[in-house]
$ cat query_19.txt   # compact mmCIF, C-alpha atoms
# COMPACT_ATOMS: atom_id res chain seq x y z
CA MET A 1 0.00 0.00 0.00
CA ARG A 2 1.91 3.05 -1.23
CA ILE A 3 -0.70 5.85 -1.23
CA VAL A 4 -3.33 6.16 1.49
CA LEU A 5 -5.73 9.09 1.49
CA VAL A 6 -7.44 10.24 4.68
CA GLY A 7 -10.31 12.54 3.74
CA GLY A 8 -14.01 13.21 3.84
CA ALA A 9 -16.79 15.60 2.98
CA LYS A 10 -17.13 17.07 6.47
CA GLY A 11 -14.71 18.77 8.83
CA GLY A 12 -14.13 18.10 12.48
CA THR A 13 -14.10 14.30 12.28
CA GLY A 14 -10.49 13.79 13.32
CA LYS A 15 -8.92 13.17 9.92
CA THR A 16 -5.56 14.67 10.79
CA THR A 17 -5.36 12.66 14.01
CA VAL A 18 -5.99 9.48 12.02
CA ALA A 19 -3.57 10.46 9.24
CA THR A 20 -0.73 11.31 11.61
CA ALA A 21 -1.33 8.19 13.70
CA LEU A 22 -1.10 6.00 10.59
CA ALA A 23 2.06 7.81 9.52
CA ALA A 24 3.66 7.31 12.93
CA HIS A 25 2.72 3.62 12.90
CA ARG A 26 4.42 3.06 9.54
CA ALA A 27 7.47 5.11 10.53
CA ARG A 28 7.83 2.98 13.66
CA ALA A 29 7.82 -0.06 11.38
CA GLY A 30 10.89 1.31 9.62
CA ARG A 31 9.12 2.70 6.57
CA ASP A 32 10.17 5.97 4.91
CA VAL A 33 6.94 7.99 5.24
CA ALA A 34 5.79 11.30 3.81
CA ILE A 35 2.57 13.10 4.69
CA VAL A 36 1.00 15.23 1.96
CA ASP A 37 -0.95 18.00 3.66
CA THR A 38 -3.53 19.51 1.28
CA ASP A 39 -5.47 21.41 3.95
CA GLN A 40 -5.01 25.17 4.19
CA GLN A 41 -5.02 24.85 7.99
CA ALA A 42 -1.79 22.81 7.66
CA SER A 43 -2.42 20.89 10.89
CA ALA A 44 -0.48 17.85 9.71
CA ALA A 45 2.48 20.02 8.73
CA PHE A 46 2.44 21.59 12.19
CA TRP A 47 2.39 18.11 13.77
CA VAL A 48 5.39 17.05 11.68
CA ALA A 49 7.27 20.17 12.81
CA LEU A 50 6.56 19.30 16.45
CA ARG A 51 7.67 15.73 15.82
CA ALA A 52 11.00 16.91 14.41
CA GLU A 53 11.87 18.20 17.88
CA THR A 54 11.46 14.72 19.42
CA GLU A 55 13.37 11.45 19.10
CA ALA A 56 10.45 9.74 17.35
CA PRO A 57 11.08 8.21 13.91
CA PRO A 58 11.11 11.10 11.40
CA ILE A 59 8.30 11.75 8.95
CA ALA A 60 8.52 14.08 5.96
CA CYS A 61 5.77 16.51 5.04
CA VAL A 62 4.91 18.21 1.76
CA GLN A 63 2.15 20.81 1.47
CA LEU A 64 0.33 20.66 -1.87
CA GLN A 65 -2.78 22.28 -3.29
CA GLY A 66 -4.56 22.49 -6.62
CA LYS A 67 -5.48 20.14 -9.44
CA ALA A 68 -1.88 19.13 -10.12
CA ILE A 69 -1.47 17.25 -6.86
CA ALA A 70 -2.32 13.89 -8.45
CA ASN A 71 0.87 13.91 -10.51
CA GLN A 72 2.85 15.32 -7.59
CA ILE A 73 1.65 12.52 -5.31
CA ARG A 74 2.62 9.93 -7.92
CA ASP A 75 6.09 11.45 -8.07
CA LEU A 76 6.45 11.40 -4.28
CA ALA A 77 5.41 7.73 -4.25
CA THR A 78 8.56 6.94 -6.25
CA ARG A 79 10.73 8.52 -3.55
CA TYR A 80 9.08 7.33 -0.34
CA ASP A 81 7.92 3.93 0.89
CA GLU A 82 4.59 5.32 2.05
CA ILE A 83 2.50 8.37 1.19
CA ILE A 84 -0.34 9.45 3.48
CA VAL A 85 -2.47 12.28 2.12
CA ASP A 86 -4.31 14.40 4.69
CA ALA A 87 -7.14 16.12 2.82
CA GLY A 88 -9.36 18.79 4.33
CA GLY A 89 -12.88 18.06 5.49
CA ARG A 90 -14.82 19.14 2.42
CA ASP A 91 -15.49 18.20 -1.18
CA SER A 92 -12.43 19.91 -2.61
CA VAL A 93 -10.34 19.83 -5.77
CA GLU A 94 -7.54 18.30 -3.71
CA LEU A 95 -9.72 15.53 -2.30
CA ARG A 96 -11.05 14.58 -5.73
CA ALA A 97 -7.58 14.67 -7.31
CA ALA A 98 -6.05 12.54 -4.56
CA MET A 99 -8.82 9.97 -4.95
CA THR A 100 -7.68 9.35 -8.53
CA VAL A 101 -4.25 8.11 -7.39
CA ALA A 102 -4.83 6.66 -3.91
CA GLU A 103 -4.98 2.95 -3.36
CA ARG A 104 -7.02 3.27 -0.19
CA LEU A 105 -9.30 6.00 1.13
CA VAL A 106 -9.92 6.22 4.87
CA THR A 107 -12.89 8.38 5.84
CA PRO A 108 -13.27 8.97 9.57
CA ILE A 109 -16.78 9.86 10.72
CA GLN A 110 -18.10 10.59 14.15
CA ALA A 111 -20.76 8.29 15.47
CA SER A 112 -23.56 10.79 15.20
CA GLN A 113 -26.49 11.09 12.84
CA PHE A 114 -25.16 14.40 11.51
CA ASP A 115 -21.92 12.80 10.37
CA THR A 116 -23.46 9.67 8.96
CA TRP A 117 -25.53 11.87 6.64
CA THR A 118 -22.25 12.67 4.86
CA VAL A 119 -21.70 8.99 4.02
CA GLU A 120 -23.99 9.19 1.00
CA ALA A 121 -21.96 12.11 -0.40
CA MET A 122 -18.73 10.17 0.06
CA SER A 123 -20.24 7.12 -1.61
CA ARG A 124 -21.01 9.23 -4.69
CA LEU A 125 -17.48 10.68 -4.74
CA VAL A 126 -15.93 7.22 -4.48
CA GLU A 127 -18.10 5.93 -7.30
CA GLN A 128 -17.00 8.81 -9.53
CA ALA A 129 -13.33 8.41 -8.58
CA GLN A 130 -13.40 4.68 -9.31
CA GLY A 131 -14.23 5.57 -12.90
CA PHE A 132 -10.67 6.97 -13.12
CA ASN A 133 -9.09 4.76 -10.47
CA PRO A 134 -10.73 1.32 -10.31
CA GLU A 135 -8.22 0.21 -7.65
CA LEU A 136 -9.49 2.74 -5.08
CA ASP A 137 -10.72 0.95 -1.96
CA ALA A 138 -12.79 3.09 0.44
CA LEU A 139 -12.81 2.37 4.16
CA VAL A 140 -15.00 4.23 6.64
CA CYS A 141 -13.73 4.44 10.21
CA ILE A 142 -15.91 5.44 13.14
CA ASN A 143 -13.89 7.96 15.14
CA ARG A 144 -14.42 9.71 18.47
CA ALA A 145 -17.04 7.21 19.55
CA SER A 146 -18.09 7.19 23.17
CA PRO A 147 -15.76 5.07 25.35
CA ASN A 148 -18.86 3.92 27.20
CA PRO A 149 -19.74 0.48 25.75
CA ARG A 150 -23.39 1.03 26.68
CA VAL A 151 -23.70 3.86 24.16
CA ALA A 152 -24.99 2.31 20.92
CA GLU A 153 -24.35 5.24 18.55
CA ALA A 154 -21.42 3.44 16.92
CA ASP A 155 -23.56 0.39 16.28
CA GLU A 156 -26.19 2.55 14.59
CA ALA A 157 -23.54 4.16 12.35
CA GLN A 158 -22.18 0.74 11.42
CA GLU A 159 -25.64 -0.39 10.33
CA LEU A 160 -26.08 2.66 8.11
CA ILE A 161 -22.68 2.43 6.43
CA SER A 162 -23.20 -1.22 5.55
CA GLU A 163 -25.92 -0.12 3.11
CA TYR A 164 -23.38 1.39 0.66
CA ASP A 165 -21.69 -0.88 -1.88
CA THR A 166 -18.83 1.55 -2.58
CA LEU A 167 -17.73 1.73 1.05
CA ARG A 168 -16.34 -0.77 3.54
CA LEU A 169 -16.67 -0.33 7.26
CA ALA A 170 -13.58 -0.71 9.41
CA SER A 171 -14.10 -3.10 12.28
CA THR A 172 -11.86 -0.89 14.43
CA ILE A 173 -13.61 1.92 16.30
CA ILE A 174 -11.50 4.81 17.58
CA ARG A 175 -12.90 5.95 20.91
CA ASP A 176 -12.89 9.53 22.18
CA ARG A 177 -9.89 9.31 24.47
CA ILE A 178 -7.81 12.22 25.75
CA ALA A 179 -4.65 10.24 24.96
CA HIS A 180 -5.15 10.87 21.24
CA ARG A 181 -5.30 14.63 21.75
CA ARG A 182 -2.32 14.72 24.10
CA ALA A 183 -0.22 12.67 21.71
CA VAL A 184 -0.94 14.98 18.77
CA ARG A 185 0.02 17.96 20.91
CA ASP A 186 3.47 16.40 21.36
CA GLY A 187 4.04 15.40 17.72
CA GLN A 188 3.31 11.76 18.43
CA SER A 189 0.54 9.21 18.12
CA ALA A 190 -1.29 7.52 20.98
CA GLU A 191 0.65 4.38 20.10
CA GLU A 192 3.93 6.19 20.85
CA HIS A 193 2.75 8.28 23.76
CA GLY A 194 2.26 5.26 25.99
CA GLU A 195 -0.33 6.93 28.18
CA ASP A 196 -3.32 4.78 27.28
CA THR A 197 -2.90 1.17 26.17
CA LYS A 198 -6.46 1.03 24.80
CA ALA A 199 -5.88 4.09 22.60
CA ALA A 200 -2.59 2.60 21.37
CA GLN A 201 -4.27 -0.69 20.51
CA GLU A 202 -6.98 1.11 18.53
CA ILE A 203 -4.32 2.73 16.35
CA ARG A 204 -2.56 -0.58 15.80
CA ASP A 205 -5.82 -2.30 14.91
CA LEU A 206 -6.81 0.40 12.43
CA ALA A 207 -3.36 0.39 10.82
CA ASN A 208 -3.58 -3.36 10.41
CA GLU A 209 -6.87 -2.94 8.56
CA VAL A 210 -5.67 -0.08 6.37
CA TYR A 211 -2.46 -1.84 5.40
CA ALA A 212 -3.84 -5.35 5.20

$ encode --input "query_19.txt" --output "structure tokens"
Amino acid sequence: MRIVLVGGAKGGTGKTTVATALAAHRARAGRDVAIVDTDQQASAAFWVALRAETEAPPIACVQLQGKAIANQIRDLATRYDEIIVDAGGRDSVELRAAMTVAERLVTPIQASQFDTWTVEAMSRLVEQAQGFNPELDALVCINRASPNPRVAEADEAQELISEYDTLRLASTIIRDRIAHRRAVRDGQSAEEHGEDTKAAQEIRDLANEVYA
């Protein structure tokens, strides 16, 4: 898996946290990883800058925007073992362009009815992108779910997503744990931070699915 795109049609779902966690996981495995940050907020680029001040395995970052990013991503894929594209939370030129070259799309959604409404829009985008890139595999990940196992909102979201043929649902659920936020603040992932073993295991499980 050389090019993984983390993106969606709605902001605030934790895409950058997922993208940086996947990048850290692959870097820890000895892979030469580059993050492509297409978001004007440049959150992933800021995280990489923080990481450079630590002893964690290094990760490169390239900020790209515009229609030409598809060719630029292809070029980067010849120079790095892994490319992880962090696209902004909207239907953008960058998201659509990256979908034409990515091998796997990871779309984090929050386990709420408002977020699951965006699944239909993503299904349409994936269907269109597969016309140019038949190899694109789209995986939806429930993120920031309640850590309380009695809350069934994640189960309801899983049932809804299963209705779409263009999307697969990740079996891993990322729970809303403070360890994820603290790790990002320090240029790390929850897997590296070592504060919460459950949060670390969630990242490992998701990475295993994405890179299966």

$ axis_aligned_box --input "query_19.txt" --around "stretch 101-107 of chain A" --padding-each-side "5 Å" --output "lines of an AutoDock Vina configuration file"
center_x = -8.6
center_y = 5.7
center_z = -0.8
size_x = 18.6
size_y = 15.4
size_z = 23.2

$ residues_around --input "query_19.txt" --residues "stretch 99-113 of chain A" --least-positions-apart "5" --cutoff "6 Å" --atoms "all atoms listed in the file" --output "NGL selection string"
:A and (3-8 or 13 or 129 or 132-133 or 136-145 or 153-154 or 157)

$ residues_near_point --input "query_19.txt" --point "(4.8, 6.5, 0.5)" --cutoff "7 Å" --atoms "only C-alpha atoms" --output "JSON, numbers by chain"
{"A": [2, 3, 32, 33, 34, 77, 80, 81, 82, 83, 84]}

$ atom_distance --input "query_19.txt" --atom1 "atom CA of A:Gly89" --atom2 "atom CA of A:Asp39"
8.3 Å

$ atom_distance --input "query_19.txt" --atom1 "atom CA of A:Lys15" --atom2 "atom CA of A:Val210"
14.1 Å

$ atom_distance --input "query_19.txt" --atom1 "atom CA of A:Arg185" --atom2 "atom CA of A:Ala98"
26.7 Å

$ residues_around --input "query_19.txt" --residues "A:Ala27" --least-positions-apart "4" --cutoff "8 Å" --atoms "all atoms listed in the file" --output "VMD selection string"
chain A and resid 23 31 to 33 57 to 59

$ closest_residue --input "query_19.txt" --among "A:Ser162, A:Gln41, A:Thr197, A:Gln65" --to "A:Leu95" --atoms "all atoms listed in the file"
A:Gln65

$ closest_residue --input "query_19.txt" --among "A:Ala183, A:Ala152, A:Ala42, A:Val119" --to "A:Ala56" --atoms "all atoms listed in the file"
A:Ala183

$ residues_near_point --input "query_19.txt" --point "(-12.1, 2.0, 15.1)" --cutoff "7 Å" --atoms "all atoms listed in the file" --output "MDAnalysis selection string"
chainID A and resid 141:143 170:174 202 206

$ residues_around --input "query_19.txt" --residues "A:Ala9" --least-positions-apart "2" --cutoff "7 Å" --atoms "only C-alpha atoms" --output "PyMOL selection string"
chain A and resi 11+89-91+118+122

$ closest_residue --input "query_19.txt" --among "A:Ile35, A:Ile161, A:Val62, A:Val151" --to "A:Asp86" --atoms "all atoms listed in the file"
A:Ile35

$ closest_residue --input "query_19.txt" --among "A:Arg28, A:Leu22, A:Ser189, A:Gln63" --to "A:Asp205" --atoms "only C-alpha atoms"
A:Leu22

$ closest_residue --input "query_19.txt" --among "A:Asn208, A:Thr116, A:Gly88, A:His25" --to "A:Ala44" --atoms "only C-alpha atoms"
A:Gly88

$ closest_residue --input "query_19.txt" --among "A:Gln40, A:Gln188, A:Gln130, A:Gln158" --to "A:Thr20" --atoms "all atoms listed in the file"
A:Gln188

$ residues_around --input "query_19.txt" --residues "A:Glu94" --least-positions-apart "3" --cutoff "7 Å" --atoms "only C-alpha atoms" --output "MDAnalysis selection string"
chainID A and resid 38 65:67 69 87 97:98

$ residues_around --input "query_19.txt" --residues "A:Ala200" --least-positions-apart "3" --cutoff "10 Å" --atoms "all atoms listed in the file" --output "ChimeraX atom specification"
/A:21,174,179-180,189-197,203-205

$ decode --input "query_19.txt" --residues "stretch 57-75 of chain A" --atoms "C-alpha atoms" --output "PDB file, in the first residue's frame"
ATOM      1  CA  PRO A  57      11.080   8.208  13.907  1.00  0.00           C
ATOM      2  CA  PRO A  58      11.105  11.101  11.404  1.00  0.00           C
ATOM      3  CA  ILE A  59       8.301  11.754   8.951  1.00  0.00           C
ATOM      4  CA  ALA A  60       8.524  14.080   5.964  1.00  0.00           C
ATOM      5  CA  CYS A  61       5.773  16.508   5.038  1.00  0.00           C
ATOM      6  CA  VAL A  62       4.906  18.208   1.764  1.00  0.00           C
ATOM      7  CA  GLN A  63       2.145  20.809   1.468  1.00  0.00           C
ATOM      8  CA  LEU A  64       0.331  20.659  -1.869  1.00  0.00           C
ATOM      9  CA  GLN A  65      -2.783  22.276  -3.286  1.00  0.00           C
ATOM     10  CA  GLY A  66      -4.558  22.487  -6.623  1.00  0.00           C
ATOM     11  CA  LYS A  67      -5.477  20.137  -9.437  1.00  0.00           C
ATOM     12  CA  ALA A  68      -1.878  19.127 -10.117  1.00  0.00           C
ATOM     13  CA  ILE A  69      -1.474  17.254  -6.856  1.00  0.00           C
ATOM     14  CA  ALA A  70      -2.322  13.888  -8.447  1.00  0.00           C
ATOM     15  CA  ASN A  71       0.868  13.913 -10.510  1.00  0.00           C
ATOM     16  CA  GLN A  72       2.845  15.323  -7.593  1.00  0.00           C
ATOM     17  CA  ILE A  73       1.650  12.521  -5.314  1.00  0.00           C
ATOM     18  CA  ARG A  74       2.618   9.930  -7.924  1.00  0.00           C
ATOM     19  CA  ASP A  75       6.094  11.446  -8.065  1.00  0.00           C
TER      20      ASP A  75
END
